[in-house]
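Below is one structure, written out as structure tokens; the observations come after it.
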Amino acid sequence: MMKTPRALSPINKIRDILEEMGDDDVDDGPTGVARKRLEDQSQGRRYGNIIGSLSLEGLQVVRVQKGSILCNLVVPEHLADHRSGNWHCGALSTLIDHVGVIANVSLIGNDGYTTTVDLSVSFLSTVKIGEEVEIEAKVLDHRGKLTSTIVEVRKKETAEMVALGKQWVSVVKAERSKL
């Protein structure tokens, strides 16, 4: 079977144009891996624990770039604190943690186990079930095995800040056990 040269393939022409525009999430590199992981989890495919995956169900990925993610979410019923009708703080914290970790993946890839070593969330406002929010995660610093991320959650309609998450993430390379 004859292989089509990269320059002549229509999909590669589109990729080249998008890469020139600065959208580097069109390949299988770190941004492509991050986008696929977010999209999979938003559609109910599980990575790791069920709680984390449930917090991302329905997430709409707007943009994934190296060290930066932008998403929208209409807060679903299953994430409610049923006493108040608001988005449950634990579910919101879990979403912040996962999106922050995936922002790290968009920068350095998924070459090992990614774990949060420090997470701080400030809750500034409430969100009712059915309201739409915008989630933006940015990598602030990367030093060795540690990456610092900030995640902002805002109401889509008013841009009111709902929560601000700050985290440190570590990537540990998996090694075979000597046992």
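Chains: A, B, ... in order of the structure tokens. Residues: from 1 per chain. Ligands: from 1, in order shown.
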
>> Excluding region 125-130 of chain A and its own-chain neighbours fewer than 5 positions away, which residues fall within 10 Å of it when counting only C-alpha atoms? Please give them as a VMD selection string.
In response: chain A and resid 73 to 82 84 to 89 92 153 to 155 160 to 163

> Near Ile108 (chain A), counting only C-alpha atoms, which residues have an atom at most 12 Å away, once you skip same-chain residues fewer than 6 positions from it, shown as JSON, numbers by chain?
Replying inline: {"A": [29, 30, 31, 32, 33, 34, 65, 66, 67, 68, 101, 102, 114, 139, 141, 142, 143, 144, 145, 146, 147, 169, 170, 171]}

>> Taking only region 77-149 of chain A into account, list the residues labelled helix (DSSP H, G or I) by DSSP (computed from the backbone), as a PyMOL selection string.
In response: chain A and resi 77-79+89-108
